[in-house]
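Source file input-v4.csv; content: CSV, C-alpha atoms.
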chain,number,residue,atom,x,y,z
A,1,MET,CA,27.5,186.8,29.4
A,2,PRO,CA,31.1,187.5,28.3
A,3,SER,CA,31.9,191.1,27.3
A,4,ARG,CA,31.9,192.1,23.7
A,5,ASN,CA,35.7,192.1,23.6
A,6,ASP,CA,35.8,188.7,25.2
A,7,ARG,CA,33.4,187.3,22.7
A,8,ILE,CA,35.4,188.7,19.8
A,9,ARG,CA,38.6,187.3,21.3
A,10,ASN,CA,37.1,183.9,22.0
A,11,GLY,CA,35.6,183.7,18.5
A,12,ARG,CA,39.0,184.5,16.9
A,13,SER,CA,40.8,181.9,19.0
A,14,GLY,CA,38.1,179.3,18.8
A,15,ARG,CA,38.1,179.0,22.5
A,16,SER,CA,34.9,178.1,24.4
A,17,ALA,CA,34.2,177.1,27.9
A,18,SER,CA,35.2,173.5,28.7
A,19,PRO,CA,32.3,171.1,28.9
A,20,PRO,CA,31.3,170.0,32.4
A,21,PRO,CA,33.0,166.7,33.2
A,22,GLU,CA,29.8,164.9,34.0
A,23,SER,CA,28.6,165.5,30.4
A,24,LEU,CA,31.5,163.7,28.9
A,25,TYR,CA,31.3,160.1,27.8
A,26,GLU,CA,33.6,157.5,29.2
A,27,HIS,CA,32.9,153.8,28.7
A,28,PRO,CA,33.4,151.8,31.9
A,29,SER,CA,36.6,149.9,31.7
A,30,ASP,CA,35.6,146.9,33.8
A,31,ASP,CA,32.2,145.9,32.4
A,32,GLY,CA,33.5,142.8,30.5
A,33,CYS,CA,32.9,144.2,27.1
A,34,PRO,CA,35.0,142.5,24.4
A,35,GLU,CA,38.2,144.1,23.1
A,36,ASP,CA,39.9,143.3,19.9
A,37,GLU,CA,43.3,144.4,18.6
A,38,TYR,CA,44.0,144.6,14.9
A,39,PHE,CA,47.2,145.7,13.2
A,40,VAL,CA,48.2,146.5,9.7
A,41,GLU,CA,51.5,147.3,8.0
A,42,LEU,CA,51.9,150.7,6.4
A,43,ASP,CA,55.4,149.8,5.3
A,44,PRO,CA,58.0,147.3,6.6
A,45,ASP,CA,58.9,149.9,9.3
A,46,TYR,CA,55.6,151.1,10.5
A,47,GLN,CA,52.2,149.7,11.6
A,48,ILE,CA,48.9,151.0,12.7
A,49,VAL,CA,47.5,149.2,15.8
A,50,GLU,CA,43.8,149.5,16.4
A,51,ARG,CA,42.3,148.5,19.8
A,52,VAL,CA,38.6,148.6,20.0
A,53,VAL,CA,36.2,148.0,22.9
A,54,TYR,CA,32.7,147.0,21.8
A,55,HIS,CA,29.4,147.5,23.6
A,56,ASP,CA,26.2,146.1,22.1
A,57,GLY,CA,28.1,145.4,18.9
A,58,ARG,CA,29.2,149.0,18.4
A,59,ILE,CA,32.5,150.8,19.1
A,60,ALA,CA,32.5,152.1,22.7
A,61,GLU,CA,36.1,153.0,23.0
A,62,PHE,CA,39.1,152.8,20.7
A,63,ALA,CA,42.8,153.6,20.4
A,64,MET,CA,44.9,154.0,17.3
A,65,ILE,CA,48.6,153.7,17.7
A,66,LEU,CA,51.4,154.4,15.1
A,67,VAL,CA,54.1,151.9,15.9
A,68,ARG,CA,57.7,151.7,14.6
A,69,VAL,CA,58.8,148.2,14.0
A,70,GLY,CA,62.2,147.3,15.3
A,71,PRO,CA,64.3,144.1,15.1
A,72,SER,CA,63.7,143.4,18.7
A,73,ARG,CA,60.9,145.6,19.9
A,74,HIS,CA,58.2,147.9,18.6
A,75,THR,CA,58.0,151.5,19.7
A,76,GLN,CA,54.8,153.6,20.0
A,77,VAL,CA,55.5,156.8,18.1
A,78,TYR,CA,52.1,158.4,18.3
A,79,SER,CA,48.6,157.5,19.4
A,80,VAL,CA,45.0,158.7,19.5
A,81,ASP,CA,42.3,157.4,21.8
A,82,THR,CA,38.9,158.1,23.2
A,83,LYS,CA,39.4,157.7,26.9
A,84,HIS,CA,38.5,160.3,29.6
A,85,GLY,CA,35.8,161.9,27.6
A,86,TYR,CA,37.9,163.3,24.8
A,87,LEU,CA,39.3,162.3,21.5
A,88,HIS,CA,42.9,163.1,22.3
A,89,GLN,CA,46.4,162.4,21.0
A,90,HIS,CA,49.6,161.5,22.7
A,91,ILE,CA,52.0,163.2,20.4
A,92,HIS,CA,55.0,161.2,21.5
A,93,GLY,CA,53.2,158.0,22.0
A,94,HIS,CA,53.4,158.1,25.8
A,95,SER,CA,57.2,158.2,25.7
A,96,ARG,CA,57.3,161.6,27.4
A,97,PRO,CA,55.2,162.9,30.2
A,98,HIS,CA,52.4,165.4,29.6
A,99,ASP,CA,52.3,164.6,25.9
A,100,ARG,CA,48.5,164.5,25.8
A,101,GLN,CA,46.6,167.0,23.6
A,102,ASP,CA,42.8,167.0,23.5
A,103,VAL,CA,41.2,167.1,20.1
A,104,MET,CA,37.5,167.2,20.8
A,105,PRO,CA,35.1,166.3,23.6
A,106,LEU,CA,33.0,163.1,23.3
A,107,PHE,CA,29.5,163.2,24.8
A,108,SER,CA,28.1,159.8,23.7
A,109,GLN,CA,29.1,156.4,22.2
A,110,PHE,CA,27.9,157.8,18.9
A,111,ASP,CA,30.5,160.6,19.2
A,112,VAL,CA,33.1,157.9,19.8
A,113,GLU,CA,32.1,156.1,16.6
A,114,GLU,CA,32.0,159.3,14.6
A,115,SER,CA,35.4,160.3,15.8
A,116,TRP,CA,37.0,157.3,14.1
A,117,ASP,CA,37.7,159.2,10.8
A,118,THR,CA,39.3,162.1,12.6
A,119,ALA,CA,41.5,159.8,14.6
A,120,TYR,CA,42.6,157.9,11.5
A,121,GLY,CA,43.4,161.1,9.7
A,122,LEU,CA,45.6,162.3,12.6
A,123,VAL,CA,47.5,159.0,12.6
A,124,LYS,CA,48.1,159.2,8.9
A,125,THR,CA,49.1,162.8,9.0
A,126,LYS,CA,51.7,161.9,11.7
A,127,TYR,CA,52.9,159.0,9.6
A,128,SER,CA,53.2,161.2,6.5
A,129,ARG,CA,55.4,163.6,8.4
A,130,LEU,CA,57.8,160.9,9.5
A,131,GLU,CA,58.7,159.9,5.9
B,132,MET,CA,39.2,166.0,5.3
B,133,LYS,CA,40.4,163.5,2.5
B,134,THR,CA,43.2,165.0,0.5
B,135,THR,CA,45.2,163.1,-2.2
B,136,GLU,CA,45.0,159.5,-1.0
B,137,THR,CA,46.4,156.8,-3.1
B,138,ILE,CA,44.2,153.8,-4.0
B,139,ARG,CA,46.2,151.7,-1.6
B,140,GLU,CA,45.8,154.2,1.2
B,141,THR,CA,42.1,154.4,0.6
B,142,ALA,CA,41.9,150.6,0.8
B,143,VAL,CA,43.8,150.4,4.1
B,144,ARG,CA,41.6,153.1,5.6
B,145,ARG,CA,38.4,151.4,4.5
B,146,VAL,CA,39.5,148.0,5.8
B,147,MET,CA,40.5,149.4,9.2
B,148,ARG,CA,37.2,151.2,9.5
B,149,THR,CA,35.2,148.1,8.4
B,150,VAL,CA,36.9,145.8,10.9
B,151,ALA,CA,36.5,148.3,13.7
B,152,ARG,CA,32.8,149.2,13.0
B,153,ARG,CA,31.6,145.7,12.2
B,154,ARG,CA,33.5,143.6,14.7
B,155,ARG,CA,34.5,140.8,12.4
B,156,SER,CA,36.9,139.2,14.9
B,157,ASP,CA,34.7,136.0,15.2
B,158,ASP,CA,35.5,135.4,11.5
B,159,MET,CA,39.2,136.2,11.7
B,160,VAL,CA,42.3,134.4,12.6
B,161,LYS,CA,44.5,135.4,15.6
B,162,ASP,CA,48.2,135.3,16.0
B,163,GLN,CA,49.9,133.7,18.9
B,164,ASP,CA,49.5,136.9,21.0
B,165,GLY,CA,45.7,137.0,20.4
B,166,ARG,CA,45.9,139.9,18.0
B,167,PHE,CA,44.4,140.1,14.5
B,168,PRO,CA,47.1,140.7,11.8
B,169,ILE,CA,45.7,142.4,8.7
B,170,ILE,CA,47.0,142.5,5.2
B,171,VAL,CA,45.3,144.8,2.7
B,172,ALA,CA,45.9,143.9,-0.9
B,173,LEU,CA,44.7,145.2,-4.2
B,174,PRO,CA,43.6,142.7,-6.8
B,175,ASP,CA,46.6,143.3,-8.9
B,176,ASP,CA,49.1,142.9,-6.1
B,177,THR,CA,51.4,139.9,-6.6
B,178,VAL,CA,51.4,136.8,-4.4
B,179,GLU,CA,55.0,137.6,-3.6
B,180,HIS,CA,54.0,141.0,-2.2
B,181,VAL,CA,51.3,139.5,0.0
B,182,GLU,CA,53.6,136.6,1.1
B,183,SER,CA,56.4,138.9,2.2
B,184,GLN,CA,53.9,140.8,4.4
B,185,ARG,CA,52.6,137.6,5.8
B,186,LEU,CA,56.0,136.5,6.9
B,187,ARG,CA,56.8,139.9,8.5
B,188,LEU,CA,53.5,139.8,10.4
B,189,GLY,CA,54.4,136.4,11.9
B,190,GLY,CA,52.9,133.8,9.6
B,191,VAL,CA,49.2,134.1,10.0
B,192,ALA,CA,47.1,137.0,8.7
B,193,ASN,CA,43.7,138.1,7.6
B,194,LEU,CA,43.9,139.1,4.0
B,195,PHE,CA,41.5,141.7,2.7
B,196,VAL,CA,41.4,142.2,-1.0
B,197,ALA,CA,40.0,145.7,-1.7
B,198,TYR,CA,37.8,146.2,-4.7
B,199,PRO,CA,36.1,149.5,-5.5
B,200,ASP,CA,32.8,148.3,-4.1
B,201,LYS,CA,33.5,145.4,-1.9
B,202,LEU,CA,36.0,143.5,0.2
B,203,VAL,CA,37.0,139.9,-0.1
B,204,MET,CA,38.4,138.4,3.0
B,205,LEU,CA,40.3,135.2,3.7
B,206,GLU,CA,42.5,133.8,6.3
B,207,ILE,CA,46.1,133.0,5.5
B,208,THR,CA,47.9,130.5,7.7
B,209,ASP,CA,50.8,128.2,7.3
B,210,ASP,CA,49.0,125.0,8.3
B,211,ASP,CA,47.8,123.2,5.2
B,212,GLY,CA,46.1,120.4,7.2
B,213,GLY,CA,47.3,117.8,4.7
B,214,ASP,CA,45.6,119.4,1.7
B,215,ALA,CA,45.7,116.9,-1.2
B,216,ASP,CA,45.2,119.5,-3.9
B,217,PRO,CA,47.6,122.3,-3.5
B,218,ALA,CA,48.5,124.7,-6.2
B,219,ASP,CA,52.0,125.8,-7.1
B,220,VAL,CA,51.8,129.5,-7.7
B,221,HIS,CA,54.3,131.7,-9.4
B,222,PRO,CA,55.3,134.6,-7.1
B,223,GLY,CA,54.4,137.0,-9.9
B,224,ALA,CA,50.8,135.8,-10.1
B,225,THR,CA,48.2,138.3,-8.9
B,226,ILE,CA,46.0,137.9,-5.9
B,227,GLU,CA,43.0,138.1,-8.3
B,228,MET,CA,44.3,135.0,-10.0
B,229,VAL,CA,44.5,133.1,-6.7
B,230,LEU,CA,41.0,134.2,-5.8
B,231,ALA,CA,39.7,133.0,-9.1
B,232,TRP,CA,41.1,129.6,-8.4
B,233,ILE,CA,39.7,129.5,-4.9
B,234,ARG,CA,36.2,130.5,-6.2
B,235,GLN,CA,36.1,127.3,-8.1
B,236,LYS,CA,36.7,125.2,-5.0
B,237,PRO,CA,33.6,124.1,-3.0
B,238,THR,CA,35.2,124.9,0.3
B,239,GLN,CA,36.3,128.4,-0.8
B,240,SER,CA,39.7,127.4,0.6
B,241,GLY,CA,43.0,126.2,-0.9
B,242,THR,CA,46.7,125.7,-0.3
B,243,ILE,CA,49.1,127.5,-2.5
B,244,HIS,CA,52.8,126.8,-2.5
B,245,ILE,CA,55.1,129.7,-2.8
B,246,GLY,CA,56.4,129.2,0.7
B,247,ILE,CA,53.6,127.3,2.4
B,248,ALA,CA,50.5,129.5,2.6
B,249,VAL,CA,47.0,128.3,3.1
B,250,ALA,CA,44.2,130.6,2.1
B,251,GLN,CA,40.9,129.6,3.5
B,252,ASP,CA,37.3,130.7,4.2
B,253,MET,CA,37.0,133.3,1.5
B,254,ARG,CA,34.0,135.5,1.8
B,255,GLU,CA,32.8,138.8,0.5
B,256,MET,CA,31.5,141.8,2.5
B,257,GLU,CA,30.5,145.4,2.0
B,258,TYR,CA,32.5,148.3,3.3
B,259,SER,CA,31.3,150.0,6.4
B,260,LEU,CA,30.6,153.7,6.0

Please rewrite the model in this file as structure tokens.
Amino acid sequence: MPSRNDRIRNGRSGRSASPPPESLYEHPSDDGCPEDEYFVELDPDYQIVERVVYHDGRIAEFAMILVRVGPSRHTQVYSVDTKHGYLHQHIHGHSRPHDRQDVMPLFSQFDVEESWDTAYGLVKTKYSRLE
Amino acid sequence: MKTTETIRETAVRRVMRTVARRRRSDDMVKDQDGRFPIIVALPDDTVEHVESQRLRLGGVANLFVAYPDKLVMLEITDDDGGDADPADVHPGATIEMVLAWIRQKPTQSGTIHIGIAVAQDMREMEYSL
């Protein structure tokens, strides 16, 4: 058991032990589940792209991407996805190395579904700070 | 988590959640890349507002009209299939006006001419929570 000082310090910082990797949920990427991609315009310069993998009719995995629309190409500005057992964000949209930040662990497909609102909030927050 | 969201922002969020959670892609139209373009409109939005988005998104789109307690969805393409009964619509007409016209049609589909836009397969649905 952590010492009293460690417990106080961990409580203040919100840190806790990382969940064991085998407890985290990751949907198999090669099981032939259907994947759809939707996109909606936030304004003429930005879109949200939503990629969803379904299993048994429910969300098994998703990604939300904030995209800047250019005259000849679109640029990923920011993204959130549920791969690798965590809801996590790529704060530069994969344009720089090591831009991943974990948001919360996911232990089940249910957690993936429930994390949708959090993910959307993160994307909208990022968008609001661009304007 | 929700702060001060505009009605339009609420509508977009609800539509994106609904299409994700309820996998409606079998009822939706794809673009040439196999993706599903979505336009979210409020009933008072003008036809011109929706049409400008449709053109920016590539010509075909899935239009979701967001009401407080339901969604109305219809596909918008640019292929009128030889419709013999199109309607000339003023750009300032509202989406609700267009839907009222479509509701009278037995196929729940219709061609409107502002550019050439075909609205088809109108249906209602509930929001996903």

Take the point (45.3, 159.0, 22.3) in the file's coordinates, draw a sphere of radius 9 Å around it, and report as an NGL selection string every protein, DNA or RNA residue with an atom inside or on it, counting only C-alpha atoms. :A and (62-65 or 78-83 or 86-91 or 93-94 or 100-102 or 119)

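Atom to atom, atom CA of A:Gln76 and atom CA of A:Thr118 stand 19.2 Å apart.
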
Would you compute the distance between atom CA of A:Pro44 and atom CA of B:Gln251? Give it in Å to one decimal. 24.8 Å

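With all atoms listed in the file taken into account, chain A has A:Glu37, A:Tyr38, A:Phe39, A:Val40 at most 6 Å from chain B.
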
Kindly give the distance, in Å, that separates atom CA of A:His55 and atom CA of A:Pro21, rounded to a single decimal.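 Between atom CA of A:His55 and atom CA of A:Pro21 the gap is 21.8 Å.
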
Within 12 Å of (29.3, 148.9, 30.7) in the file's own coordinates, which protein, DNA or RNA residues have an atom, counting only C-alpha atoms? List them as a ChimeraX atom specification. /A:25-34,53-56,60-61,109

Could you tell me which of A:Leu66, A:Val112, A:His74, A:Val103 comes closest to A:Thr125 if we count all atoms listed in the file?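 Of all the options, A:Leu66 lies closest to A:Thr125.
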
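Distances from A:Glu41, A:Asp36, A:Glu22, A:Asp117 to B:Ala172 were compared using all atoms listed in the file, and the smallest one belongs to A:Glu41.
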
Ranking A:Pro71, A:Arg58, A:Pro97, A:Ser128 by minimum distance to A:Glu114 and counting all atoms listed in the file, which one comes first?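 Between A:Pro71, A:Arg58, A:Pro97, A:Ser128, the residue approaching A:Glu114 most closely is A:Arg58.
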
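Among the candidates B:Asp164, B:Asp158, B:Glu179, B:Asp200, the residue lying nearest to B:Tyr258 is B:Asp200 (atoms considered: only C-alpha atoms).
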
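Across A:Ser115, A:Glu35, A:Pro20, A:Ser95, the tightest approach to A:Gly57 is made by A:Glu35 when counting all atoms listed in the file.
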